[in-house]
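Enquirer: Take a look at this one; I'll ask things after.
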Amino acid sequence: MAEGKYDHQKSEEKWARIWQEKDLYLAVDGDKKKKFYLLVEFPYPSGAGLHVGHARSWLAMDAYARKKRMEGYNVLYPMGWDAFGLPAENYALKTGVHPSQVVPKNIATFRKQCQALGLSFDWSREIDTTDPQYYKWTQWIFVQLFKKGLAYQAEVPVNWCPACKTNLADEEVLANGTHERCGKPTQRRPQKQWLLKITAYADKLLEGLGTVDYSEDVKRQQINWIGKKEGMKIRFDDVEVFTTRPDTLAGATFVAIPAEQSNQQGDKTKWGEFTGKYVTNPLTKKKIPVWRANYVTAQYGSGAIMGVPAHDLRDLEFATKYEIEIVEMEPDPGLWGKIEMEGWGFKAVSYHLHDWVFSRQHYWGEPIPIVHCSKCGPVMVPESQLPVELPYLEKYEPSGTGGSPLVKAEEWVKTKCPKCGGQAKRETDTMPNWAGSNWYFIRYLDNKNERKLASKGKMKYWLPVDMYQGGAEHITLHLLYSRFIYRFLHEIGVVPTAEPYMKRRTHGIVLGADGRKMSKSFGNVINPDEIVRKYGADTLRLYEMFMGPFGQTVAWSDTAVEGIYRFLKRVWRLAQSSKFKVQSSSEAKRRAARLVTKIGTDIEALKFNTMVAAAMEYVNWWQEHQGKVGQDVMEDFILGLAPMAPFLAEELWHKLGHKDSVHMQPWPEYDARLVADERKIMVVQVNGKVRDRLENGPDVQQRARQSDKVKKYLGGAKYRTIYVPGKIINFVCLT
RNA sequence: GGGCCGGUGGUGAAACUGGUAUACACGCAGGUUUUAGGAACCUGUCCCGCAAGGGGUGAAGGUUCGAGUCCUUUCCGGCCCACCA
């Protein structure tokens, strides 16, 4: 074995190239092996390049994918680009470079970075949501929704900045109601928008949660977001209100309907105006006033509420401010039945979830495949004419009227009605960022199919996704939206199952070394390229897995990275200096077996930090007992190392004389007896305090009683014995 | 206001269904080696105590032979949603 320093740069570049050339990580459609579809959220390819936060979850899942492959699974671990969206458009507006030029450049950077990290993605399946051959199918899904009446237009309040004359996404409006870029106050004004009827699926999305393995907090948040509430609709003359507390009807002293302008986020002052109208409380028969109030949400329930100041704090605040009568009462559960019997109202269900606004007035998105005809109204573009390609616009600043920048593509807008052939105009709104990311995991299965979203056979083989790993910030919107779209596709016979993801787990955020979010303005951004150059990809990989529990937010530490670097150098040095001609001792065999087994179970449980710690513990032992490690044990160690540090493992594997890749080897399995700790130490306590430690054995209780230390503390007193085999003996004095 | 997740050494953190609290690493201190720097290696490192021993997982109670882990109350921090009736 050649002596020398480990040149991580040379070695990693070599193996990355060889793996690519040999197509080591391709997933095989329809293979006889058991399939495993491992999905990670695909990124928006920003100009800043790959973030160590992306890298953290992909690297951990890469270890997962590699181990699954070694275990004999046909693993699909794909990557793609969610490249439409506001950031690209804003960046382009600032720099004057067209998004269609920026995006491919950024994608190339991301792909290169991923390969340098040794991520074992199947690059033959790469997708890009801005590719017309991709968004053709995003539009196709919209057309299917439209056909089923699940896509419709309605007047919806949107954020409008009068100073910039542009519509804003919610994210662009700060908590105080001002525009994040110009700082001027924004308004909400109604505008005709496309909506998707996700509410029609509210119950199905709730029920579906019972069939999948999501962590409890993820489930809980989905349930809360759907927010199913059972209540009643009650008529006060011609005004119908929704309430979850019909039992407080006696205290209803006013009715409130939404004000024209509700408050901006964060503003909690309550205000309103009297409409001049009175209605009758069906129970008390009293005339009560109807007010417009800014705290009434139009989307919720029927839009109107009954004000019960004696029972509800918000109603109380409003009633006090406007001197509305407050009537004390006891809630009466019997009213649920009485209201129904008297015909004043009926049981009704309300959801927090509301229909999904699917229009954006931006340039860089998928055009909505609709044509507006003066005779036929909105008409869908026939499937044969998809995709409706986004026209190339030199200037794509906001139109200034609240319309999309596409209004200015006059030639593109002017078209013929697909139904009657008359003059018509294209829809100029584009789809939101969610559109392309709703269904992307289906396209990985068959990314070049020109005739279908994906072939039936491939979908049947690969779906559903076995494990979906992503950020906590996506567990309400993205997860719910994509479940909705998938379920819809299932109902129209496109996809084979009702739920898309069998298992969902989330990861934590990586903060800067100062504990703040990484951001250019704080100067705390860690560039993965630099880490890879200085310490190597394996160091970055191990560090990102070791830095803390996978699901937890963690801060970067430069010195801890160096610790990992030292560890890997030590592994290399030990491998160089150890003479593997020796016979492995039985202890060496047992330790290696135990390590590899632990690596396997830790990966499965997503406990990557303790996995790395176990490897370190093993290497500490190895360093002290080099003479006991023979080639067989060394190979076991390298196989265990392969998922986490694939480059170093490959290098060492070849140094031992192997010609094929370590990543194509079967995952070692061991006799349970070898892995089990035979020489277990039993703890002996007196009155709950540890007084002795004895090796386990059939006579351990006997020996414990005879132990001098135990005798000393028992002092001849009467006692009883708690004996938990394999764990503990506790002698408790009877007082 | 609602929901979710946390609180363990100087730091990041371990501790499987209640059973040796602080694994692994960072940092720090001392040492060996080196022309020097760096690197590597060794020793120590929860607190009090020379020791025997005692205390200790945000705080206070409780259950238990035994609690970081379970229950009650409470304090603090982070994230998400927020006038949702």
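Going by the structure tokens order, chains are called A, B, ..., each with residues numbered from 1, while ligands are numbered from 1 in the order shown.
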Compile the residues of chain B that lie within 9 Å of chain A, evaluated using only C-alpha atoms (C1' of nucleotides), and express the compilation as a PyMOL selection string.

Expert: chain B and resi 3-5+12-14+19-20+23-27+65-66+79-85

Enquirer: Do a neighbour search on G58 (chain B) at 9 Å with only C-alpha atoms (C1' of nucleotides), toss out local chain neighbours closer than 4 positions, and write the hits as a list in words.

Expert: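 Those residues are G7, C75 and C76 of chain B.
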
Enquirer: Would you list the contacts of Ala154 (chain A) as a VMD selection string, taking every protein, DNA or RNA residue within 12 Å and counting only C-alpha atoms (C1' of nucleotides), but skipping same-chain residues closer than 2 positions in sequence?

Expert: chain A and resid 151 to 152 156 to 158 190 to 197 355 to 359

Enquirer: From a DSSP pass on the backbone, collect the residues of region 91-295 of chain A flagged as strand (DSSP E) and hand them back as number ranges by chain.

Expert: A: 127-128, 151-161, 166-168, 187-196, 213-214, 228-236, 239-243, 254-258, 272-280, 287-293

Enquirer: Give me, as a ChimeraX atom specification, all polymer residues having an atom no more than 12 Å from U45 (chain B), counting only C-alpha atoms (C1' of nucleotides) and skipping those fewer than 4 positions away in the same chain.

Expert: /B:9-10,27-30

Enquirer: Take the residues from that selection and write them out as a PDB file, in the first residue's frame, keeping C-alpha atoms (C1' of nucleotides).

Expert:
```
ATOM      1  C1'   G B   9     -20.901  20.899  30.882  1.00  0.00           C
ATOM      2  C1'   G B  10     -17.380  26.778  28.536  1.00  0.00           C
ATOM      3  C1'   G B  27     -12.799  24.635  23.002  1.00  0.00           C
ATOM      4  C1'   C B  28      -9.464  25.108  26.988  1.00  0.00           C
ATOM      5  C1'   A B  29      -5.116  23.513  30.221  1.00  0.00           C
ATOM      6  C1'   G B  30      -0.603  20.659  30.770  1.00  0.00           C
TER       7        G B  30
END
```

Enquirer: Looking at B:C16, B:G38, B:G68, B:U32, which one is nearest to G56 (chain B), with distances taken over only C-alpha atoms (C1' of nucleotides)?

Expert: B:G68

Enquirer: Would you pick out the contacts of G62 (chain B) at 12 Å or less, using only C-alpha atoms (C1' of nucleotides), so that residues sharing its chain but fewer than 4 positions from it are not included, and give the list as a JSON list (two decimals) with N, CA and C atoms (P, O5', C5', C4', C3', O3' and C1' of nucleotides), in the first residue's frame?

Expert:
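File written: out_16.json
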```
[["chain", "number", "residue", "atom", "x", "y", "z"],
["B", 67, "A", "P", -35.91, 8.80, 40.75],
["B", 67, "A", "O5'", -35.98, 8.51, 39.18],
["B", 67, "A", "C5'", -34.82, 8.51, 38.36],
["B", 67, "A", "C4'", -35.05, 9.39, 37.15],
["B", 67, "A", "C3'", -35.21, 10.86, 37.46],
["B", 67, "A", "O3'", -34.70, 11.62, 36.36],
["B", 67, "A", "C1'", -37.18, 10.09, 36.47],
["B", 70, "C", "P", -41.33, 12.23, 28.65],
["B", 70, "C", "O5'", -42.33, 11.53, 29.68],
["B", 70, "C", "C5'", -43.04, 10.36, 29.31],
["B", 70, "C", "C4'", -44.04, 10.01, 30.39],
["B", 70, "C", "C3'", -44.79, 11.20, 30.98],
["B", 70, "C", "O3'", -45.89, 11.57, 30.17],
["B", 70, "C", "C1'", -44.01, 9.83, 32.73],
["B", 71, "C", "P", -46.37, 13.11, 30.16],
["B", 71, "C", "O5'", -47.12, 13.24, 31.56],
["B", 71, "C", "C5'", -48.34, 12.55, 31.80],
["B", 71, "C", "C4'", -48.86, 12.93, 33.17],
["B", 71, "C", "C3'", -48.98, 14.42, 33.41],
["B", 71, "C", "O3'", -50.17, 14.96, 32.89],
["B", 71, "C", "C1'", -47.90, 13.40, 35.26],
["B", 72, "U", "P", -50.17, 16.50, 32.39],
["B", 72, "U", "O5'", -50.20, 17.29, 33.76],
["B", 72, "U", "C5'", -51.33, 17.22, 34.63],
["B", 72, "U", "C4'", -51.09, 18.06, 35.85],
["B", 72, "U", "C3'", -50.64, 19.49, 35.57],
["B", 72, "U", "O3'", -51.72, 20.34, 35.23],
["B", 72, "U", "C1'", -49.28, 18.57, 37.27],
["B", 73, "U", "P", -51.45, 21.55, 34.21],
["B", 73, "U", "O5'", -50.66, 22.60, 35.11],
["B", 73, "U", "C5'", -51.30, 23.21, 36.22],
["B", 73, "U", "C4'", -50.29, 23.94, 37.07],
["B", 73, "U", "C3'", -49.46, 25.00, 36.35],
["B", 73, "U", "O3'", -50.16, 26.21, 36.15],
["B", 73, "U", "C1'", -48.04, 23.69, 37.71]]
```

Enquirer: Would you kindly return, as JSON, numbers by chain, each protein, DNA or RNA residue with an atom no farther than 10 Å from any atom of Val102 (chain A), considering only C-alpha atoms (C1' of nucleotides) and excluding same-chain residues fewer than 3 positions away?

Expert: {"A": [45, 46, 47, 83, 88, 89, 91, 92, 97, 98, 99, 105, 106, 107]}

Enquirer: Just all heavy atoms for this one: save the residues we selected as a tab-separated table (two decimals), in the first residue's frame.

Expert:
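Everything below was put into part-v9.tsv:
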```tsv
chain	number	residue	atom	x	y	z
A	45	PRO	N	-32.88	27.29	-8.26
A	45	PRO	CA	-31.44	27.45	-8.51
A	45	PRO	C	-31.03	28.93	-8.53
A	45	PRO	O	-30.96	29.55	-9.57
A	45	PRO	CB	-31.24	26.81	-9.89
A	45	PRO	CG	-32.57	26.92	-10.56
A	45	PRO	CD	-33.62	26.93	-9.48
A	46	SER	N	-30.75	29.45	-7.35
A	46	SER	CA	-30.45	30.87	-7.25
A	46	SER	C	-29.03	31.16	-7.70
A	46	SER	O	-28.20	30.26	-7.80
A	46	SER	CB	-30.62	31.33	-5.80
A	46	SER	OG	-29.44	31.06	-5.08
A	47	GLY	N	-28.77	32.43	-7.95
A	47	GLY	CA	-27.45	32.84	-8.42
A	47	GLY	C	-26.37	32.65	-7.37
A	47	GLY	O	-25.19	32.60	-7.69
A	83	ALA	N	-37.40	26.29	-11.23
A	83	ALA	CA	-36.68	27.50	-11.67
A	83	ALA	C	-37.58	28.68	-12.03
A	83	ALA	O	-37.07	29.76	-12.36
A	83	ALA	CB	-35.77	27.15	-12.84
A	88	ALA	N	-36.07	34.93	-9.65
A	88	ALA	CA	-35.41	35.01	-10.95
A	88	ALA	C	-35.83	36.28	-11.67
A	88	ALA	O	-35.02	36.97	-12.29
A	88	ALA	CB	-35.75	33.79	-11.80
A	89	GLU	N	-37.11	36.60	-11.55
A	89	GLU	CA	-37.62	37.78	-12.24
A	89	GLU	C	-37.03	39.05	-11.63
A	89	GLU	O	-36.60	39.97	-12.33
A	89	GLU	CB	-39.15	37.80	-12.13
A	89	GLU	CG	-39.79	38.91	-12.92
A	89	GLU	CD	-41.29	38.68	-13.09
A	89	GLU	OE1	-41.70	37.50	-13.16
A	89	GLU	OE2	-42.02	39.68	-13.15
A	91	TYR	N	-34.26	39.34	-9.89
A	91	TYR	CA	-32.82	39.38	-10.17
A	91	TYR	C	-32.60	39.89	-11.59
A	91	TYR	O	-31.74	40.74	-11.84
A	91	TYR	CB	-32.23	37.97	-10.03
A	91	TYR	CG	-30.77	37.89	-10.38
A	91	TYR	CD1	-29.80	38.26	-9.46
A	91	TYR	CD2	-30.37	37.46	-11.64
A	91	TYR	CE1	-28.45	38.19	-9.79
A	91	TYR	CE2	-29.04	37.40	-11.98
A	91	TYR	CZ	-28.08	37.76	-11.06
A	91	TYR	OH	-26.74	37.70	-11.39
A	92	ALA	N	-33.42	39.40	-12.50
A	92	ALA	CA	-33.30	39.81	-13.89
A	92	ALA	C	-33.61	41.29	-14.06
A	92	ALA	O	-32.93	42.01	-14.80
A	92	ALA	CB	-34.22	38.96	-14.76
A	97	VAL	N	-30.34	41.08	-17.13
A	97	VAL	CA	-30.14	39.81	-17.86
A	97	VAL	C	-31.45	39.02	-17.81
A	97	VAL	O	-32.06	38.88	-16.76
A	97	VAL	CB	-29.01	38.98	-17.24
A	97	VAL	CG1	-28.68	37.79	-18.12
A	97	VAL	CG2	-27.78	39.85	-17.01
A	98	HIS	N	-31.87	38.52	-18.95
A	98	HIS	CA	-33.15	37.83	-19.05
A	98	HIS	C	-33.15	36.53	-18.24
A	98	HIS	O	-32.15	35.80	-18.24
A	98	HIS	CB	-33.42	37.53	-20.53
A	98	HIS	CG	-34.86	37.20	-20.80
A	98	HIS	ND1	-35.34	35.93	-20.71
A	98	HIS	CD2	-35.89	38.00	-21.14
A	98	HIS	CE1	-36.64	35.95	-21.00
A	98	HIS	NE2	-36.99	37.19	-21.27
A	99	PRO	N	-34.26	36.23	-17.56
A	99	PRO	CA	-34.32	35.00	-16.76
A	99	PRO	C	-33.96	33.75	-17.56
A	99	PRO	O	-33.33	32.83	-17.04
A	99	PRO	CB	-35.77	34.92	-16.29
A	99	PRO	CG	-36.33	36.27	-16.45
A	99	PRO	CD	-35.51	37.00	-17.47
A	105	LYS	N	-27.61	28.96	-16.52
A	105	LYS	CA	-26.29	29.17	-15.93
A	105	LYS	C	-26.28	28.70	-14.47
A	105	LYS	O	-25.37	27.99	-14.04
A	105	LYS	CB	-25.95	30.67	-15.99
A	105	LYS	CG	-24.56	30.95	-16.52
A	105	LYS	CD	-24.28	32.43	-16.60
A	105	LYS	CE	-23.67	32.96	-15.31
A	105	LYS	NZ	-23.52	34.43	-15.33
A	106	ASN	N	-27.31	29.12	-13.76
A	106	ASN	CA	-27.39	28.73	-12.35
A	106	ASN	C	-27.55	27.23	-12.19
A	106	ASN	O	-26.96	26.62	-11.30
A	106	ASN	CB	-28.57	29.43	-11.67
A	106	ASN	CG	-28.34	30.92	-11.55
A	106	ASN	OD1	-27.24	31.42	-11.79
A	106	ASN	ND2	-29.38	31.64	-11.17
A	107	ILE	N	-28.34	26.63	-13.06
A	107	ILE	CA	-28.54	25.19	-12.99
A	107	ILE	C	-27.21	24.46	-13.18
A	107	ILE	O	-26.90	23.52	-12.44
A	107	ILE	CB	-29.58	24.72	-14.04
A	107	ILE	CG1	-30.98	25.17	-13.60
A	107	ILE	CG2	-29.52	23.22	-14.25
A	107	ILE	CD1	-32.09	24.83	-14.59
```

Enquirer: Could you find all residues in region 113-249 of chain A that DSSP calls helix (DSSP H, G or I) from the backbone, and write them as JSON, numbers by chain?

Expert: {"A": [113, 114, 115, 116, 123, 124, 125, 132, 133, 134, 135, 136, 137, 138, 139, 140, 141, 142, 143, 144, 145, 146, 147, 170, 171, 172, 198, 199, 200, 201, 202, 203, 204, 205, 206, 207, 208, 209, 210, 211, 216, 217, 218, 219, 220, 221, 222, 223, 224, 225, 226, 246, 247, 248, 249]}

Enquirer: State, in Å with one decimal place, the distance from CA of Asp7 (chain A) to CA of Trp622 (chain A).

Expert: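 Between CA of Asp7 (chain A) and CA of Trp622 (chain A) the gap works out to 22.5 Å.
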
Enquirer: Can you work out the spacing between CA of Ala593 (chain A) and CA of Gly536 (chain A) in Å, to one decimal?

Expert: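 These two atoms are separated by 27.6 Å.
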
Enquirer: State, in Å with one decimal place, the distance from CA of Met644 (chain A) to CA of Ile127 (chain A).

Expert: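 Distance between the two atoms: 26.2 Å.
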
Enquirer: Nearest to Tyr670 (chain A): which of A:Cys161, A:Val596, A:Val212, A:Ile492 is it, counting only C-alpha atoms?

Expert: A:Val596

Enquirer: Measuring atom to atom with only C-alpha atoms, identify which of A:Ala65, A:Met634, A:Ile18, A:Ala513 is nearest to Leu606 (chain A).

Expert: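 Once distances to Leu606 (chain A) are computed over only C-alpha atoms, the minimum belongs to A:Ala65.
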